[in-house]
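K.L.:
The structure file start.cif (mmCIF, C-alpha atoms and all ligand atoms) is provided below.
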```cif
data_my_file
loop_
_atom_site.label_atom_id
_atom_site.label_comp_id
_atom_site.auth_asym_id
_atom_site.auth_seq_id
_atom_site.Cartn_x
_atom_site.Cartn_y
_atom_site.Cartn_z
CA MET X 103 63.88 87.12 78.80
CA ALA X 104 64.06 88.02 82.48
CA ASP X 105 67.38 87.29 84.26
CA SER X 106 65.65 84.75 86.49
CA ASP X 107 64.49 82.83 83.37
CA ARG X 108 67.98 82.49 81.89
CA PRO X 109 69.61 79.07 82.40
CA LEU X 110 72.54 79.16 84.85
CA THR X 111 76.00 78.75 83.41
CA THR X 112 78.08 75.87 84.77
CA GLU X 113 80.35 78.40 86.48
CA ALA X 114 77.42 80.16 88.22
CA LEU X 115 75.96 76.83 89.27
CA LEU X 116 79.28 75.69 90.74
CA CYS X 117 79.59 79.02 92.56
CA GLN X 118 76.14 78.55 94.12
CA VAL X 119 76.97 74.99 95.16
CA ARG X 120 80.26 76.16 96.74
CA GLN X 121 78.45 78.91 98.67
CA HIS X 122 75.82 76.46 99.88
CA LEU X 123 78.46 73.95 101.04
CA GLU X 124 80.39 76.71 102.81
CA SER X 125 77.28 77.81 104.73
CA LEU X 126 76.64 74.17 105.70
CA ARG X 127 80.25 73.80 106.83
CA LEU X 128 79.96 76.92 108.99
CA ALA X 129 76.81 75.46 110.51
CA GLY X 130 78.79 72.41 111.55
CA VAL X 131 77.80 69.95 108.82
CA GLN X 132 80.76 67.64 108.27
CA TRP X 133 79.41 65.15 105.76
CA MET X 134 76.58 64.78 103.30
CA PRO X 135 75.15 61.88 101.35
CA ALA X 136 76.80 61.55 97.97
CA PRO X 137 74.36 62.11 95.09
CA ARG X 138 72.90 59.00 93.51
CA PRO X 139 72.55 58.52 89.76
CA LEU X 140 69.36 60.20 88.52
CA ASP X 141 67.54 56.97 87.58
CA GLU X 142 68.31 55.49 91.02
CA ALA X 143 67.45 58.74 92.82
CA THR X 144 64.05 59.00 91.16
CA ALA X 145 63.13 55.31 91.54
CA VAL X 146 60.28 54.57 93.97
CA VAL X 147 61.62 52.49 96.86
CA GLU X 148 59.05 50.29 98.52
CA PRO X 149 59.31 49.70 102.29
CA GLY X 150 61.97 47.07 102.99
CA GLU X 151 63.54 47.45 99.53
CA GLY X 152 66.27 49.88 100.47
CA PRO X 153 69.95 48.97 100.67
CA GLU X 154 70.82 46.98 103.75
CA LYS X 155 72.64 48.96 106.41
CA GLU X 156 75.14 47.29 108.69
CA GLU X 157 74.62 48.32 112.28
CA GLY X 158 77.41 50.40 113.81
CA GLN X 159 79.05 51.06 110.46
CA PRO X 160 80.38 54.63 110.30
CA PRO X 161 79.04 56.72 107.44
CA THR X 162 82.23 56.79 105.40
CA GLU X 163 81.50 55.11 102.07
CA GLY X 164 79.28 57.19 99.84
CA PHE X 165 79.82 60.39 101.85
CA PHE X 166 82.21 63.24 101.35
CA ASP X 167 83.77 65.65 103.78
CA VAL X 168 82.53 69.24 103.65
CA GLN X 169 85.06 70.33 106.24
CA PRO X 170 88.47 68.82 105.52
CA ALA X 171 89.87 67.06 108.55
CA GLY X 172 92.51 69.01 110.43
CA GLU X 173 91.22 72.41 109.36
CA PRO X 174 89.72 73.97 112.51
CA LEU X 175 87.32 76.89 112.21
CA GLY X 176 88.63 80.37 112.95
CA LEU X 177 87.03 82.67 115.53
CA ASP X 178 84.82 84.49 113.03
CA GLU X 179 83.67 81.21 111.53
CA ARG X 180 82.83 79.84 114.97
CA ARG X 181 80.84 83.00 115.79
CA GLN X 182 78.97 82.67 112.52
CA ALA X 183 78.33 78.97 113.08
CA LEU X 184 76.99 79.71 116.58
CA THR X 185 74.57 82.22 115.07
CA VAL X 186 73.39 79.66 112.55
CA LEU X 187 73.04 77.07 115.32
CA ALA X 188 71.01 79.52 117.45
CA GLU X 189 68.71 80.12 114.49
CA THR X 190 68.29 76.38 114.02
CA VAL X 191 67.48 75.98 117.72
CA SER X 192 64.92 78.81 117.55
CA ARG X 193 62.93 76.74 115.02
CA CYS X 194 63.32 73.44 116.88
CA THR X 195 60.14 71.47 117.58
CA ARG X 196 61.62 68.26 118.98
CA CYS X 197 59.90 68.56 122.39
CA PRO X 198 56.20 69.20 121.68
CA GLU X 199 55.26 70.07 125.29
CA LEU X 200 58.04 72.67 125.58
CA VAL X 201 57.34 74.09 122.14
CA ALA X 202 53.68 74.57 123.10
CA THR X 203 54.50 76.53 126.26
CA ARG X 204 57.77 78.40 125.52
CA SER X 205 57.80 82.07 124.56
CA ARG X 206 61.14 81.67 122.84
CA THR X 207 64.23 79.50 122.91
CA VAL X 208 67.10 80.55 125.17
CA PHE X 209 70.30 79.60 123.39
CA GLY X 210 73.23 81.03 125.34
CA VAL X 211 75.23 84.18 125.85
CA GLY X 212 78.89 85.10 125.94
CA PRO X 213 81.95 85.30 123.76
CA VAL X 214 83.33 82.54 121.56
CA ALA X 215 86.55 81.15 123.08
CA ALA X 216 85.46 82.23 126.58
CA GLU X 217 87.86 80.83 129.13
CA LEU X 218 84.99 79.57 131.27
CA CYS X 219 81.56 78.23 130.34
CA PHE X 220 78.75 77.81 132.89
CA VAL X 221 76.23 75.11 132.01
CA GLY X 222 72.94 75.19 133.90
CA GLU X 223 69.70 73.24 133.74
CA ALA X 224 66.98 75.07 131.80
CA PRO X 225 65.47 78.52 131.26
CA GLY X 226 63.01 79.76 133.88
CA ALA X 227 60.23 82.33 133.55
CA ASP X 228 62.56 85.38 133.36
CA GLU X 229 64.83 83.69 130.86
CA ASP X 230 61.86 82.60 128.75
CA ALA X 231 60.64 86.20 128.72
CA GLN X 232 64.01 87.77 127.91
CA GLY X 233 65.68 85.08 125.79
CA GLU X 234 68.88 85.10 127.87
CA PRO X 235 70.02 82.47 130.38
CA PHE X 236 70.43 83.29 134.08
CA VAL X 237 68.72 86.69 134.25
CA GLY X 238 66.34 85.99 137.16
CA ALA X 239 67.12 85.76 140.87
CA ALA X 240 69.47 82.81 140.38
CA GLY X 241 71.14 84.73 137.57
CA GLN X 242 71.75 87.71 139.85
CA LEU X 243 73.43 85.38 142.31
CA LEU X 244 75.52 83.83 139.53
CA ASN X 245 76.60 87.35 138.53
CA ARG X 246 77.77 87.98 142.08
CA ILE X 247 79.70 84.68 142.10
CA ILE X 248 81.38 85.60 138.79
CA VAL X 249 82.36 89.05 140.12
CA ALA X 250 83.65 87.53 143.38
CA CYS X 251 85.90 85.35 141.22
CA GLY X 252 87.41 88.50 139.69
CA MET X 253 85.63 88.07 136.36
CA LYS X 254 82.84 89.84 134.46
CA ARG X 255 79.65 88.23 133.17
CA GLU X 256 80.56 89.42 129.65
CA GLU X 257 83.78 87.36 129.82
CA VAL X 258 82.14 83.99 130.40
CA TYR X 259 79.82 81.87 128.27
CA ILE X 260 76.51 80.83 129.86
CA CYS X 261 74.06 78.24 128.60
CA ASN X 262 71.73 75.45 129.74
CA ILE X 263 71.42 71.80 128.82
CA ILE X 264 67.99 72.47 127.28
CA LYS X 265 66.99 75.60 125.43
CA CYS X 266 63.27 75.78 126.21
CA ARG X 267 61.54 76.45 129.53
CA PRO X 268 59.81 73.40 131.02
CA PRO X 269 56.28 74.29 132.18
CA GLY X 270 56.17 75.32 135.83
CA ASN X 271 59.99 75.21 135.90
CA ARG X 272 59.92 71.46 136.32
CA THR X 273 63.13 69.49 135.88
CA PRO X 274 63.85 68.66 132.22
CA LEU X 275 62.78 65.13 131.34
CA PRO X 276 65.50 62.75 130.15
CA HIS X 277 64.14 62.61 126.60
CA GLU X 278 64.07 66.43 126.43
CA ALA X 279 67.68 66.64 127.54
CA GLY X 280 68.46 63.90 125.01
CA HIS X 281 66.77 65.84 122.20
CA CYS X 282 68.78 68.96 123.05
CA ARG X 283 72.09 67.20 123.62
CA GLU X 284 73.20 67.61 120.02
CA TYR X 285 72.80 71.40 120.27
CA LEU X 286 74.70 71.58 123.55
CA GLU X 287 77.55 69.48 122.21
CA ARG X 288 77.88 71.62 119.11
CA GLN X 289 77.59 74.81 121.18
CA ILE X 290 80.43 73.76 123.48
CA ASP X 291 82.44 72.55 120.51
CA LEU X 292 82.14 75.99 118.87
CA VAL X 293 82.74 78.07 122.01
CA ARG X 294 85.58 75.71 122.97
CA PRO X 295 86.01 76.99 126.56
CA ARG X 296 89.10 76.04 128.55
CA PHE X 297 87.00 75.18 131.60
CA ILE X 298 83.38 74.29 132.29
CA CYS X 299 81.42 74.78 135.50
CA ALA X 300 78.31 72.58 135.67
CA LEU X 301 75.62 74.17 137.85
CA GLY X 302 73.39 71.74 139.69
CA SER X 303 72.74 68.03 139.59
CA THR X 304 70.65 68.00 136.39
CA ALA X 305 73.38 69.68 134.33
CA ALA X 306 76.17 67.60 135.88
CA GLN X 307 74.30 64.30 135.60
CA HIS X 308 73.35 64.98 131.99
CA LEU X 309 76.87 66.02 130.99
CA PHE X 310 78.41 62.87 132.42
CA GLY X 311 75.55 60.41 132.06
CA THR X 312 75.58 59.61 135.76
CA THR X 313 73.02 59.41 138.54
CA LEU X 314 75.48 60.52 141.23
CA SER X 315 74.22 63.41 143.33
CA ILE X 316 75.73 66.87 143.02
CA GLY X 317 76.99 66.41 146.58
CA LYS X 318 79.16 63.54 145.32
CA LEU X 319 80.15 65.18 142.03
CA ARG X 320 81.13 68.61 143.35
CA GLY X 321 84.50 69.74 144.63
CA ARG X 322 86.69 67.89 142.13
CA PHE X 323 87.43 67.97 138.43
CA HIS X 324 85.82 65.79 135.81
CA SER X 325 86.40 65.84 132.07
CA TYR X 326 84.04 66.56 129.18
CA GLN X 327 85.64 66.09 125.74
CA GLY X 328 89.00 66.79 127.36
CA ILE X 329 87.77 70.02 129.01
CA PRO X 330 88.16 70.13 132.82
CA VAL X 331 84.72 70.44 134.45
CA LEU X 332 83.98 71.45 137.99
CA CYS X 333 80.48 70.74 139.30
CA THR X 334 78.82 72.78 142.00
CA TYR X 335 75.35 73.64 143.32
CA HIS X 336 72.94 75.57 141.11
CA PRO X 337 72.58 79.23 142.22
CA ALA X 338 68.80 78.70 142.53
CA PHE X 339 69.57 76.17 145.27
CA LEU X 340 71.40 78.89 147.22
CA LEU X 341 68.48 81.34 147.33
CA PRO X 342 67.20 82.33 150.81
CA HIS X 343 64.14 80.05 150.74
CA ARG X 344 66.20 76.98 149.83
CA SER X 345 69.72 76.18 151.12
CA PRO X 346 71.70 79.42 151.49
CA GLU X 347 74.10 77.61 153.83
CA LYS X 348 75.48 75.83 150.72
CA LYS X 349 77.01 79.12 149.55
CA ARG X 350 80.11 78.22 151.55
CA ASP X 351 80.53 74.98 149.54
CA VAL X 352 80.04 76.83 146.27
CA TRP X 353 82.66 79.35 147.28
CA GLU X 354 85.13 76.55 148.04
CA ASP X 355 84.35 75.02 144.62
CA MET X 356 84.92 78.34 142.87
CA LYS X 357 88.24 78.82 144.65
CA THR X 358 89.28 75.35 143.45
CA LEU X 359 88.25 76.26 139.90
CA MET X 360 89.97 79.65 139.94
CA ALA X 361 93.17 78.11 141.28
CA ARG X 362 93.19 75.61 138.38
CA MET X 363 92.55 78.49 135.97
CA GLY X 364 95.51 80.36 137.43
CA ARG X 365 93.27 83.06 138.94
CA ALA X 366 93.98 82.70 142.62
CA ILE X 367 91.42 84.23 144.99
CA THR X 368 92.93 85.54 148.20
CA ARG X 369 89.87 85.74 150.46
S1 LIG Y 401 64.50 71.83 124.51
FE1 LIG Y 401 65.98 71.72 122.83
S2 LIG Y 401 65.39 69.91 121.64
FE2 LIG Y 401 63.62 70.46 122.94
S3 LIG Y 401 62.37 71.79 121.64
FE3 LIG Y 401 63.71 73.11 122.84
S4 LIG Y 401 65.49 73.46 121.49
FE4 LIG Y 401 64.39 71.67 120.70
#
```
Here is the file; what I need is its structure written in the form of structure tokens.

P.N.:
Amino acid sequence: MADSDRPLTTEALLCQVRQHLESLRLAGVQWMPAPRPLDEATAVVEPGEGPEKEEGQPPTEGFFDVQPAGEPLGLDERRQALTVLAETVSRCTRCPELVATRSRTVFGVGPVAAELCFVGEAPGADEDAQGEPFVGAAGQLLNRIIVACGMKREEVYICNIIKCRPPGNRTPLPHEAGHCREYLERQIDLVRPRFICALGSTAAQHLFGTTLSIGKLRGRFHSYQGIPVLCTYHPAFLLPHRSPEKKRDVWEDMKTLMARMGRAITR
């Protein structure tokens, strides 16, 4: 009898289940439906026959915790979970128009536990080609801003609110940003930066669910999940053919951010 034909021992089966649950936990899964009795699980349920669900009721009864409460993931586990999340995103098909036109998904770049995380709008043509956020002209300008702040690009985490390039670099539609929100939330939760800098009105408005303009949001701190967030203009807006005069405002914003981070800039 081939090894693959032998029935699994209880111990081997339990080991496989434990490994599977651990990989789910690392991927961020915190609860799963409890198994139903076999006769109930195999019964055919006609539409409208299922158990009634009370609206707004949290999924507590009938579910079990994969990740015990109060046991935060370590750095290696967060790195691993980010990798799993990036793989999940790379297979995502929630936005049919973007899926049809993207070359690849653009997840994010930077170290876990980065002190600062930049959140932009969406990948453009260069990002779509290379699979990394902020590598085009706006990215070069962002690099210069980061260096002027006394930091290196490799020190910060960089991502966008959506992970696929909208055709023609159009602004992400609300439902696309909504589809991708879960990934962004989990991404920020795993990176757990001390500060966030939201770049441009689309990123800032989506993070805070507001319609206020970036002109009104910038220059002061907001809070996302307890993380201080400073909003400023998107680097693409500062390019020579758009509004380079806004560089001065961005520089003031960055000085405000660096001061709060304890990294005073003297110039
Ligand atoms: S933008 Fe986000 S939600 Fe939409 S297809 Fe891409 S990865 Fe999926």

K.L.:
I want to know what sits within 12 Å of Glu229 of chain X, based on all atoms listed in the file, with residues of the same chain fewer than 4 positions away left out; could you give that as a PyMOL selection string?

P.N.:
chain X and resi 204-211+223-225+233-241+261-262+265-268+271

K.L.:
Select the residues contacting ligand LIG 401 (chain Y) at a distance of at most 7 Å, based on all atoms listed in the file, then format the selection as a list of chain:residue names.

P.N.:
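After applying the 7 Å limit, what remains is X:Val191, X:Ser192, X:Cys194, X:Thr195, X:Arg196, X:Cys197, X:Pro198, X:Leu200, X:Val201, X:Thr207, X:Ile264, X:Lys265, X:Cys266, X:Glu278, X:Ala279, X:His281, X:Cys282.
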
K.L.:
Would you please work out which residue, of X:Trp353, X:Tyr335, X:Phe297, X:Tyr259, is nearest to Val214 of chain X when using all atoms listed in the file?

P.N.:
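Among the listed residues, the smallest separation from Val214 of chain X belongs to X:Tyr259.
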
K.L.:
Go ahead and fit an axis-aligned box to every listed atom of segment 244-256 of chain X plus 8 Å each side, and pass me the centre and edge lengths in Å, one decimal, as JSON.

P.N.:
```
{"center_x": 81.5, "center_y": 86.8, "center_z": 136.5, "size_x": 27.9, "size_y": 22.0, "size_z": 29.7}
```

K.L.:
Would you be able to write out as a PyMOL selection string which residues have an atom within 8 Å of (72.7, 75.0, 119.7) in the file's coordinates, counting only C-alpha atoms?

P.N.:
chain X and resi 184+187-188+190-191+209+282+284-289

K.L.:
Using Å and a single decimal, report how far atom CA of Arg255 of chain X sits from atom CA of Ala215 of chain X.

P.N.:
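So the answer is 14.1 Å.
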
K.L.:
Which residue gives the smallest distance to Phe310 of chain X among X:Arg294, X:Lys349, X:Arg283, X:His336, with only C-alpha atoms counted?

P.N.:
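Using only C-alpha atoms, Phe310 of chain X sits closest to X:Arg283.
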
K.L.:
Quick check, in Å to one decimal: how far apart do atom CA of Leu175 of chain X and atom CA of Val258 of chain X lie?

P.N.:
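Pair atom CA of Leu175 of chain X / atom CA of Val258 of chain X returns 20.2 Å.
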
K.L.:
Have a look at X:Met360, X:Leu243, X:Ala202, X:Val221 and name the one nearest to Cys299 of chain X; count all atoms listed in the file.

P.N.:
X:Val221

K.L.:
Near Gly364 of chain X, counting all atoms listed in the file, which residues have an atom at most 12 Å away, once you skip same-chain residues fewer than 3 positions from it, shown as number ranges by chain?

P.N.:
X: 217, 251-252, 296-297, 357-361, 367
